[in-house]
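S.K.: The following file, my_file.cif, comprises mmCIF, C-alpha atoms:
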data_data
loop_
_atom_site.label_atom_id
_atom_site.label_comp_id
_atom_site.auth_asym_id
_atom_site.auth_seq_id
_atom_site.Cartn_x
_atom_site.Cartn_y
_atom_site.Cartn_z
CA MET S 1 238.43 66.18 313.63
CA ILE S 2 236.06 68.95 312.54
CA ARG S 3 237.89 72.29 312.23
CA GLU S 4 234.90 74.65 312.06
CA HIS S 5 232.22 75.08 314.71
CA VAL S 6 229.77 72.21 314.76
CA ARG S 7 226.31 72.95 313.40
CA PHE S 8 223.43 73.02 315.88
CA GLY S 9 221.77 70.08 314.15
CA LEU S 10 224.73 67.82 314.77
CA LEU S 11 224.86 68.76 318.46
CA SER S 12 221.16 68.08 318.68
CA ASP S 13 221.62 64.70 316.99
CA LEU S 14 224.44 63.89 319.37
CA HIS S 15 222.06 64.37 322.30
CA ASP S 16 219.49 62.13 320.66
CA GLY S 17 222.06 59.46 319.78
CA VAL S 18 221.04 59.38 316.15
CA MET S 19 224.51 59.79 314.64
CA ASP S 20 226.66 57.14 313.07
CA ALA S 21 229.76 56.13 315.04
CA ILE S 22 232.29 57.99 312.83
CA SER S 23 230.42 61.31 312.88
CA LYS S 24 229.86 60.99 316.60
CA GLU S 25 233.58 60.46 317.23
CA SER S 26 234.49 63.51 315.07
CA VAL S 27 232.02 65.75 316.90
CA LEU S 28 233.16 64.55 320.33
CA ASP S 29 236.80 65.22 319.33
CA HIS S 30 235.84 68.74 318.33
CA LEU S 31 233.95 69.35 321.55
CA ARG S 32 237.05 68.44 323.55
CA GLU S 33 238.94 71.21 321.73
CA CYS S 34 236.26 73.88 321.16
CA VAL S 35 234.96 75.63 324.28
CA GLU S 36 232.23 77.43 322.38
CA CYS S 37 230.73 74.30 320.83
CA ASP S 38 231.08 72.46 324.12
CA ARG S 39 229.13 75.22 325.88
CA GLU S 40 226.47 75.08 323.16
CA TYR S 41 226.25 71.32 323.60
CA ARG S 42 225.82 71.63 327.37
CA GLU S 43 223.16 74.32 326.98
CA ILE S 44 221.18 72.06 324.69
CA GLY S 45 221.43 69.35 327.35
CA ARG S 46 220.20 71.74 330.02
CA MET S 47 217.31 72.82 327.82
CA LEU S 48 216.32 69.20 327.22
CA ARG S 49 216.39 68.53 330.97
CA MET S 50 214.13 71.52 331.53
CA LEU S 51 211.78 70.29 328.82
CA SER S 52 211.62 66.87 330.40
CA GLY S 53 210.62 68.64 333.62
CA LEU S 54 207.33 69.44 331.89
CA ARG S 55 206.43 65.75 332.24
CA ALA S 56 205.20 66.87 335.64
CA LEU S 57 202.21 68.38 333.87
CA CYS S 58 199.47 65.86 334.41
CA ILE S 59 195.79 65.42 335.10
CA ARG S 60 194.81 66.46 338.60
CA SER S 61 194.24 63.41 340.76
CA GLY S 62 190.93 64.77 342.07
CA ASP S 63 189.36 64.69 338.62
CA ASP S 64 188.75 60.93 338.70
CA PHE S 65 189.46 60.93 335.03
CA THR S 66 189.83 57.19 334.47
CA ARG S 67 186.52 56.27 336.07
CA ALA S 68 184.65 59.05 334.25
CA THR S 69 186.15 58.04 330.90
CA LEU S 70 185.42 54.38 331.46
CA SER S 71 181.79 55.19 332.31
CA ARG S 72 181.45 57.09 329.06
CA ILE S 73 183.04 54.23 327.17
CA LEU S 74 180.62 51.73 328.69
CA ILE S 75 177.65 53.91 327.73
CA CYS S 76 178.98 54.30 324.18
CA GLU S 77 179.58 50.56 323.90
CA LYS S 78 175.99 49.78 324.92
CA LYS S 79 174.74 52.28 322.36
CA ARG S 80 177.01 50.82 319.70
CA LYS S 81 175.80 47.28 320.39
CA ARG S 82 172.18 48.40 320.21
CA GLN S 83 172.82 50.16 316.91
CA ALA S 84 174.61 47.10 315.55
CA TYR S 85 171.61 44.97 316.50
CA TYR S 86 169.20 47.28 314.70
CA LYS S 87 171.56 47.44 311.76
CA ARG S 88 171.40 43.65 311.52
CA MET S 89 167.62 43.50 311.98
CA ILE S 90 166.51 46.29 309.65
CA PRO S 91 167.36 44.51 306.37
CA SER S 92 165.47 41.41 307.52
CA ALA S 93 162.45 43.47 308.56
CA VAL S 94 162.49 45.40 305.30
CA ALA S 95 162.79 42.17 303.32
CA ALA S 96 159.86 40.65 305.20
CA MET S 97 157.77 43.73 304.63
CA VAL S 98 158.59 43.82 300.93
CA ILE S 99 157.67 40.15 300.55
CA PHE S 100 154.40 40.76 302.37
CA LEU S 101 153.52 43.82 300.31
CA VAL S 102 154.41 42.11 297.04
CA GLY S 103 152.26 39.17 298.06
CA VAL S 104 149.32 41.42 298.89
CA ASP S 105 149.76 43.30 295.65
CA GLN S 106 149.86 40.12 293.60
CA PHE S 107 146.80 38.82 295.38
CA ARG S 108 144.88 42.03 294.69
CA ASN S 109 145.84 42.21 291.05
CA SER S 110 145.48 38.58 290.18
CA PRO S 111 142.45 37.75 287.92
CA SER S 112 139.83 35.52 289.49
CA GLY S 113 140.99 32.51 287.53
CA THR S 114 144.55 32.82 288.76
CA LYS S 115 143.86 33.50 292.39
CA PRO S 116 146.66 32.17 294.52
CA GLU S 117 146.12 28.82 296.10
CA PRO S 118 144.21 29.29 299.33
CA VAL S 119 145.60 28.21 302.62
CA ARG S 120 143.68 25.09 303.45
CA MET S 121 142.47 24.71 306.97
CA SER S 122 140.07 22.25 308.37
CA SER S 123 137.17 23.75 310.25
CA SER S 124 136.81 23.20 313.90
CA LEU S 125 133.17 24.11 313.82
CA GLY S 126 130.01 22.19 312.99
CA SER S 127 129.46 19.02 311.04
CA GLY S 128 131.17 17.85 307.88
CA ASP S 129 129.04 20.20 305.76
CA GLU S 130 130.45 23.15 307.64
CA SER S 131 134.02 22.20 306.91
CA ARG S 132 135.34 24.91 304.75
CA GLU S 133 138.57 26.11 303.39
CA ILE S 134 139.76 29.44 304.52
CA ALA S 135 140.71 31.48 301.47
CA SER S 136 143.62 33.16 303.12
CA SER S 137 144.43 35.27 306.09
CA TYR S 138 143.99 38.22 303.78
CA ASP S 139 140.32 37.23 303.19
CA MET S 140 139.81 36.93 306.89
CA ARG S 141 141.29 40.33 307.66
CA ARG S 142 139.24 41.87 304.85
CA THR S 143 136.04 40.37 306.18
CA ILE S 144 136.76 41.54 309.71
CA SER S 145 137.50 44.97 308.32
CA ILE S 146 134.11 45.03 306.51
CA LEU S 147 132.36 44.01 309.71
CA LYS S 148 134.10 46.60 311.84
CA ARG S 149 133.47 49.34 309.34
CA ASN S 150 129.78 48.52 309.63
CA ARG S 151 129.70 48.77 313.42
CA ALA S 152 129.69 45.03 313.86
CA ARG S 153 131.40 43.53 316.90
CA VAL S 154 133.43 40.48 315.99
CA THR S 155 132.74 37.79 318.56
CA MET S 156 134.47 34.76 317.15
CA VAL S 157 137.06 34.03 314.51
CA SER S 158 137.99 30.51 313.48
CA GLY S 159 139.48 28.88 310.47
CA ALA S 160 136.03 28.23 309.07
CA CYS S 161 133.95 31.25 309.91
CA ILE S 162 133.69 34.63 311.54
CA GLU S 163 130.85 35.53 313.83
CA ALA S 164 129.83 39.05 314.67
CA GLU S 165 127.03 41.05 316.17
CA ALA S 166 125.91 43.72 313.74
CA PRO S 167 123.12 46.33 313.91
CA VAL S 168 120.34 45.22 311.63
CA ARG S 169 120.46 48.45 309.68
CA PHE S 170 124.03 47.70 308.62
CA VAL S 171 123.41 44.18 307.43
CA ASP S 172 122.64 45.50 303.95
CA ASP S 173 125.94 47.30 303.84
CA ILE S 174 127.82 44.23 305.00
CA GLN S 175 126.07 42.25 302.34
CA ARG S 176 126.85 44.83 299.65
CA GLU S 177 130.49 44.98 300.52
CA CYS S 178 130.69 41.23 300.47
CA GLU S 179 129.13 41.33 297.03
CA GLY S 180 131.72 43.93 296.06
CA SER S 181 134.40 41.54 297.10
CA VAL S 182 132.78 38.85 295.03
CA SER S 183 132.72 41.13 292.02
CA TYR S 184 136.42 41.62 292.45
CA GLY S 185 137.10 38.07 291.75
CA MET S 186 136.46 36.50 295.08
CA GLN S 187 133.47 34.43 294.22
CA GLY S 188 132.33 32.44 297.11
CA PHE S 189 134.33 34.67 299.32
CA ALA S 190 131.75 34.60 302.04
CA THR S 191 128.58 32.91 302.99
CA ALA S 192 126.68 34.33 305.86
CA VAL S 193 123.91 33.12 308.02
CA GLY S 194 122.07 35.76 309.96
CA TYR S 195 119.97 34.82 312.90
CA SER S 196 118.09 36.72 315.52
CA ASP S 197 118.17 36.18 319.21
CA GLY S 198 115.49 33.60 318.82
CA GLY S 199 117.82 31.17 317.13
CA MET S 200 119.15 30.57 313.67
CA GLN S 201 116.66 31.12 310.91
CA GLU S 202 117.91 31.04 307.40
CA GLY S 203 116.52 33.69 305.06
CA VAL S 204 116.77 34.41 301.38
CA ALA S 205 120.33 34.60 300.15
CA PRO S 206 120.98 37.60 297.87
CA PHE S 207 123.97 35.84 296.46
CA PRO S 208 124.96 32.24 296.89
CA GLY S 209 125.78 31.51 300.43
CA PHE S 210 124.73 34.78 302.05
CA ILE S 211 121.62 34.15 304.08
CA GLN S 212 120.25 36.57 306.55
CA GLN S 213 117.45 36.83 309.01
CA ARG S 214 116.22 40.37 309.38
CA SER S 215 114.27 41.44 312.37
CA ALA S 216 111.36 43.80 311.97
CA ASP S 217 113.10 46.15 314.28
CA GLN S 218 115.89 47.75 312.20
CA PHE S 219 117.69 48.94 315.32
CA ARG S 220 118.14 45.55 316.84
CA THR S 221 121.34 43.66 316.68
CA VAL S 222 121.61 40.39 314.90
CA ARG S 223 124.32 37.86 314.95
CA VAL S 224 125.96 37.31 311.61
CA ARG S 225 128.12 34.37 310.68
CA ILE S 226 130.30 34.61 307.62
CA LYS S 227 131.67 31.34 306.40
CA LEU S 228 134.95 31.50 304.64
CA ARG S 229 135.92 29.22 301.88
CA MET I 1 204.09 48.26 330.82
CA SER I 2 205.56 47.16 327.52
CA ASP I 3 203.77 47.18 324.20
CA LYS I 4 203.29 43.44 324.60
CA SER I 5 201.23 43.96 327.71
CA ASP I 6 199.28 46.68 325.86
CA LEU I 7 198.37 44.04 323.30
CA GLU I 8 197.29 41.64 326.02
CA VAL I 9 195.00 44.28 327.48
CA ILE I 10 193.61 45.02 324.02
CA ASP I 11 192.87 41.33 323.51
CA ARG I 12 190.95 41.31 326.78
CA VAL I 13 189.00 44.41 325.80
CA LEU I 14 188.14 42.97 322.40
CA ALA I 15 187.00 39.78 324.11
CA GLY I 16 184.42 41.84 325.99
CA ASP I 17 186.23 42.92 329.15
CA ILE I 18 185.70 46.64 328.56
CA GLU I 19 186.81 47.51 332.09
CA ALA I 20 190.31 46.33 331.21
CA PHE I 21 190.60 49.44 329.08
CA SER I 22 191.11 51.40 332.29
CA THR I 23 194.69 50.03 332.33
CA ILE I 24 195.31 51.70 328.98
CA ILE I 25 193.70 54.93 330.15
CA GLU I 26 195.80 54.98 333.32
CA LYS I 27 198.96 54.41 331.37
CA TYR I 28 198.51 56.98 328.63
CA ARG I 29 196.18 59.60 330.05
CA ASP I 30 198.89 62.05 331.16
CA ARG I 31 200.81 61.75 327.90
CA VAL I 32 197.70 62.43 325.84
CA PHE I 33 196.74 65.23 328.21
CA ARG I 34 200.15 66.93 327.96
CA TYR I 35 200.00 66.94 324.19
CA ALA I 36 196.41 68.22 324.19
CA TYR I 37 197.32 70.91 326.73
CA SER I 38 200.21 72.06 324.56
CA ARG I 39 197.77 72.51 321.70
CA VAL I 40 194.92 74.28 323.47
CA TYR I 41 196.61 75.71 326.58
CA ASN I 42 193.46 75.27 328.62
CA TYR I 43 193.14 72.63 331.33
CA ASP I 44 189.44 71.82 330.88
CA GLU I 45 189.60 71.68 327.12
CA ALA I 46 192.69 69.49 327.28
CA LEU I 47 190.84 67.18 329.66
CA ASP I 48 187.88 66.96 327.28
CA ILE I 49 190.16 66.24 324.36
CA THR I 50 191.95 63.52 326.33
CA GLN I 51 188.65 61.85 327.11
CA GLU I 52 187.50 62.06 323.51
CA VAL I 53 190.77 60.54 322.30
CA PHE I 54 190.24 57.50 324.52
CA LEU I 55 186.63 57.19 323.37
CA MET I 56 187.75 57.27 319.76
CA ALA I 57 190.51 54.78 320.44
CA MET I 58 188.03 52.42 322.06
CA GLU I 59 185.65 52.77 319.15
CA ALA I 60 188.42 52.13 316.62
CA LEU I 61 190.17 49.41 318.61
CA ARG I 62 189.04 46.66 316.23
CA SER I 63 190.73 48.48 313.38
CA PHE I 64 194.10 48.54 315.21
CA ARG I 65 196.15 46.26 312.96
CA ARG I 66 199.14 45.88 315.27
CA GLU I 67 201.59 46.92 312.57
CA ALA I 68 202.82 49.77 314.74
CA LYS I 69 203.07 50.10 318.51
CA PHE I 70 199.80 50.76 320.29
CA SER I 71 201.19 54.03 321.65
CA THR I 72 202.00 55.21 318.12
CA TRP I 73 198.49 54.34 316.98
CA LEU I 74 196.97 56.13 319.97
CA PHE I 75 199.12 59.22 319.40
CA SER I 76 198.04 59.31 315.75
CA ILE I 77 194.43 59.49 316.89
CA MET I 78 195.42 62.16 319.39
CA VAL I 79 197.26 64.30 316.84
CA ASN I 80 194.42 64.10 314.31
CA TYR I 81 191.79 64.84 316.91
CA CYS I 82 193.69 67.89 318.17
CA LYS I 83 194.16 69.11 314.62
CA ASN I 84 190.43 68.88 313.95
CA PHE I 85 189.63 70.40 317.31
CA ARG I 86 191.82 73.39 316.55
CA LYS I 87 190.26 73.83 313.13
CA LYS I 88 186.79 73.74 314.62
CA ARG I 89 187.71 76.12 317.39
CA ASP I 90 189.40 78.54 315.02
CA ARG I 91 186.21 78.63 313.00
CA PHE I 92 184.14 79.38 316.09
CA PRO I 93 186.57 81.09 318.45
CA SER I 94 185.34 81.30 322.00
CA VAL I 95 188.34 80.70 324.25
CA ALA I 96 191.69 82.48 324.45
CA LEU I 97 194.40 80.60 322.63
CA SER I 98 197.73 82.10 323.58
CA ARG I 99 199.28 83.03 326.85
CA SER I 100 199.00 86.70 325.94
CA ASP I 101 195.27 86.12 325.63
CA GLY I 102 195.12 84.79 329.14
CA GLY I 103 195.32 81.03 328.67
CA ASP I 104 194.84 79.24 331.96
CA GLU I 105 197.70 78.45 334.26
CA PHE I 106 197.60 75.50 336.51
CA GLU I 107 200.30 74.64 338.97
CA ILE I 108 202.99 72.30 337.79
CA PRO I 109 203.77 69.86 340.54
CA ILE I 110 207.50 69.40 341.04
CA PRO I 111 208.39 65.72 341.28
CA ASP I 112 210.76 64.72 344.07
CA GLU I 113 213.68 63.85 341.80
CA ARG I 114 213.76 67.45 340.54
CA GLN I 115 214.52 68.67 344.03
CA ARG I 116 217.67 66.67 344.50
CA PRO I 117 220.58 69.01 345.20
CA GLU I 118 222.85 67.50 342.57
CA ASP I 119 220.29 68.17 339.87
CA ASP I 120 220.00 71.43 338.01
CA VAL I 121 217.84 73.72 340.02
CA ILE I 122 214.61 73.61 338.07
CA THR I 123 212.02 75.52 339.99
CA VAL I 124 208.36 75.99 339.29
CA ASP I 125 209.19 79.40 337.87
CA THR I 126 211.75 77.91 335.51
CA LEU I 127 209.26 75.32 334.33
CA ARG I 128 206.65 78.02 333.85
CA ILE I 129 208.99 80.02 331.62
CA VAL I 130 209.97 76.89 329.67
CA LYS I 131 206.29 76.07 329.23
CA GLU I 132 205.49 79.58 328.05
CA GLU I 133 208.33 79.64 325.56
CA LEU I 134 207.62 76.13 324.30
CA TYR I 135 203.93 76.84 323.81
CA GLY I 136 204.81 80.13 322.14
CA LEU I 137 206.73 78.34 319.36
CA PRO I 138 205.16 77.87 315.91
CA GLU I 139 202.81 74.87 315.91
CA ASP I 140 205.06 72.60 313.82
CA TYR I 141 208.01 73.02 316.16
CA LYS I 142 205.98 72.94 319.34
CA GLU I 143 204.22 69.68 318.58
CA ILE I 144 207.39 67.94 317.51
CA LEU I 145 209.29 69.04 320.63
CA VAL I 146 206.43 67.89 322.84
CA LEU I 147 206.46 64.48 321.18
CA ARG I 148 210.25 64.15 321.21
CA ASP I 149 211.55 65.94 324.29
CA ILE I 150 208.62 65.54 326.67
CA GLU I 151 206.98 62.29 325.55
CA GLY I 152 210.20 60.70 324.36
CA LEU I 153 208.95 59.30 321.06
CA SER I 154 211.58 58.06 318.62
CA TYR I 155 212.12 59.85 315.32
CA GLY I 156 210.46 56.97 313.48
CA ASP I 157 207.40 57.02 315.72
CA ILE I 158 207.08 60.78 315.32
CA ALA I 159 207.21 60.40 311.54
CA ARG I 160 204.42 57.80 311.70
CA VAL I 161 202.30 59.80 314.15
CA LEU I 162 202.56 63.04 312.20
CA GLY I 163 202.57 61.40 308.79
CA ILE I 164 205.71 63.16 307.65
CA HIS I 165 209.07 62.02 306.34
CA LEU I 166 211.88 61.14 308.75
CA SER I 167 214.19 63.82 307.36
CA ASN I 168 211.43 66.36 307.91
CA VAL I 169 211.19 65.24 311.54
CA LYS I 170 214.91 65.83 312.00
CA VAL I 171 214.82 69.27 310.43
CA ARG I 172 211.87 70.35 312.54
CA ILE I 173 213.49 69.10 315.72
CA HIS I 174 216.70 70.99 314.97
CA ARG I 175 214.91 74.21 314.12
CA GLY I 176 212.50 73.96 317.01
CA ARG I 177 215.25 73.35 319.53
CA GLU I 178 217.38 76.14 318.10
CA LEU I 179 214.53 78.62 318.31
CA LEU I 180 213.55 77.52 321.81
CA LYS I 181 217.13 77.69 323.01
CA LYS I 182 217.42 81.22 321.68
CA ARG I 183 214.24 82.28 323.46
CA LEU I 184 215.19 80.63 326.73
CA ALA I 185 218.56 82.39 326.54
CA GLU I 186 216.74 85.70 326.12
CA ARG I 187 214.76 84.90 329.27
CA GLY I 188 218.02 84.27 331.09
CA LEU I 189 217.58 80.52 331.58
CA LEU I 190 220.61 79.44 329.54
#
Since I need it in another form, could you write the structure as structure tokens?

M.R.:
Amino acid sequence: MIREHVRFGLLSDLHDGVMDAISKESVLDHLRECVECDREYREIGRMLRMLSGLRALCIRSGDDFTRATLSRILICEKKRKRQAYYKRMIPSAVAAMVIFLVGVDQFRNSPSGTKPEPVRMSSSLGSGDESREIASSYDMRRTISILKRNRARVTMVSGACIEAEAPVRFVDDIQRECEGSVSYGMQGFATAVGYSDGGMQEGVAPFPGFIQQRSADQFRTVRVRIKLR
Amino acid sequence: MSDKSDLEVIDRVLAGDIEAFSTIIEKYRDRVFRYAYSRVYNYDEALDITQEVFLMAMEALRSFRREAKFSTWLFSIMVNYCKNFRKKRDRFPSVALSRSDGGDEFEIPIPDERQRPEDDVITVDTLRIVKEELYGLPEDYKEILVLRDIEGLSYGDIARVLGIHLSNVKVRIHRGRELLKKRLAERGLL
């Protein structure tokens, strides 16, 4: 049996049941003999009961806490899923864009002799003579861009040609820009046939394939057809 | 609800049944709230903290490795969140912290079993004094007594939740109880 007063820690451990059997027996023997330690032990017990009374502290029932929290969780989950989706998609989109830009860059910088193989499409227009290869979608976009820049209204785009209505006064510019394209290694990039409202009339081609019909009236609109190869 | 049923609920939540998480919230909300309230001593802030803890738990649920009990894992999140909350609030103080600064007081409901005649007479006033003295203890002692004597966590769980050694848990519990007992005796409760 313990002769001296039992330390507070041991009494506390006794309440928690975290003592080995021998120590527990010694302390209990002492408590039977020592009024002071026994009182201390009982006071600790009373304090612990009072502390456990604080379990009554809880969320007010009127606050509807669970529903509010669940709503927030659902919103956060939706947001998280959306972010995860974008996280998955962004690398693919970036990769696609990089491939596209590298392709464009290579196409621009390639010398005329090493121009990438054109996409071959059979024409849906005209007879066998009009069957042409389309150089690439890049050529097509470039041609449309030239036309639009020169106030032309694109009326038809096919695998073989692009038709547009352009003010007569801009036909020279269209022609020049097409020549510019040719000089940048896109020989045979475009052939054009210009014709007035009266029907197709081939004129003198300033470079192979570009044929235009110019009206006397510079402000009139002519239809221009650019054949892609 | 045992820890096993916690795991079943978690499996359902991870399988996409988010609403099943309400079972977890219902079960643990008051325990998380009590701890948060002991740290901030303000009902509304404690409520906000409790909500944030559940949001964080939901977000991190996939990382719960089931090595410890779910409650231990949840309480770890709770303890860390409260710690960070206190740090942030101490940096930008805006609300009174201690009872002497006018922390809020909300009524403690007395459960029926406390009113049984054979029980110690623990009135609302007694509980209020106990609460005041407990919350007035140094942080280390207060948090450990809340976890042990109010929430009933084992010594091992407390060590895991607080990230301290088991012997340290014991020492803090002894010292905290001794100090609290002394203060309650001064208030005439013991």

S.K.: For atom CA of Ser12 of chain S and atom CA of Arg160 of chain I, quote the distance in Å rounded to one decimal.

M.R.: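 These two atoms are separated by 20.8 Å.
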
S.K.: Given the PyMOL selection byres ((chain S) within 10 of (chain I)) and the file above, list the residues it selects as JSON, numbers by chain.

M.R.: {"S": [7, 8, 9, 10, 11, 12, 13, 16, 18, 40, 42, 43, 44, 46, 47, 48, 49, 50, 51, 52, 53, 54, 55, 56, 57, 58, 59, 60, 63, 65, 66, 67, 68, 69, 70, 71, 72, 73, 74, 76, 77, 80]}

S.K.: With all atoms listed in the file as the atoms that count, which of I:Val53, I:Val161, I:Leu61, I:Leu147 lies nearest to Tyr35 of chain I?

M.R.: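 Checking each candidate against Tyr35 of chain I, we get I:Leu147 as the closest.
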
S.K.: So, with only C-alpha atoms as the atoms that count, which of S:Thr143, S:Asn150, S:Ser23, S:Asn109 lies closest to Cys178 of chain S?

M.R.: S:Thr143

S.K.: Excluding Ile164 of chain I and its own-chain neighbours fewer than 6 positions away, which residues fall within 12 Å of it when counting only C-alpha atoms? Please give them as an NGL selection string.

M.R.: :I and (76 or 140 or 144 or 155-158 or 170-172)

S.K.: If the PyMOL selection byres ((chain I and resi 6) around 9) were run on this exact file, what residues would it hold? Put them as a list in words.

M.R.: Met1, Ser2, Asp3, Lys4, Ser5, Leu7, Glu8, Val9, Ile10, Asp11, Thr23, Ile24, Lys69, Phe70 and Ser71 of chain I

S.K.: If the PyMOL selection byres ((chain S and resi 5) around 9) is run on the structure shown, which residues does it catch, given as a ChimeraX atom specification?

M.R.: /S:2-4,6-7,30,34,36-37

S.K.: Identify the residues around (127.2, 40.6, 306.1) within a radius of 7 Å, measuring from only C-alpha atoms in the coordinates stated by the file, and give them as a list in words.

M.R.: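 Output: Val171, Ile174, Gln175, Cys178, Ala192, Val224 and Ile226 of chain S.
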
S.K.: Do you have the atom CA of Gly45 of chain S-atom CA of Gly17 of chain S distance handy?

M.R.: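 Spanning atom CA of Gly45 of chain S to atom CA of Gly17 of chain S is a straight-line distance of 12.5 Å.
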
S.K.: Ranking S:Val168, S:Leu14, S:Met97, S:Leu147 by minimum distance to Asp38 of chain S and counting only C-alpha atoms, which one comes first?

M.R.: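 Of the candidates, the smallest distance to Asp38 of chain S is held by S:Leu14.
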
S.K.: What gap, in Å, lies between atom CA of Lys83 of chain I and atom CA of Lys27 of chain I?

M.R.: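 Between atom CA of Lys83 of chain I and atom CA of Lys27 of chain I the gap works out to 22.8 Å.
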
S.K.: So that all listed atoms of segment 147-160 of chain I fit with 3 Å spare on each side, what axis-aligned box centre and edge lengths in Å, to one decimal, would you give as lines of an AutoDock Vina configuration file?

M.R.:
center_x = 208.3
center_y = 61.5
center_z = 319.1
size_x = 13.7
size_y = 15.0
size_z = 21.1
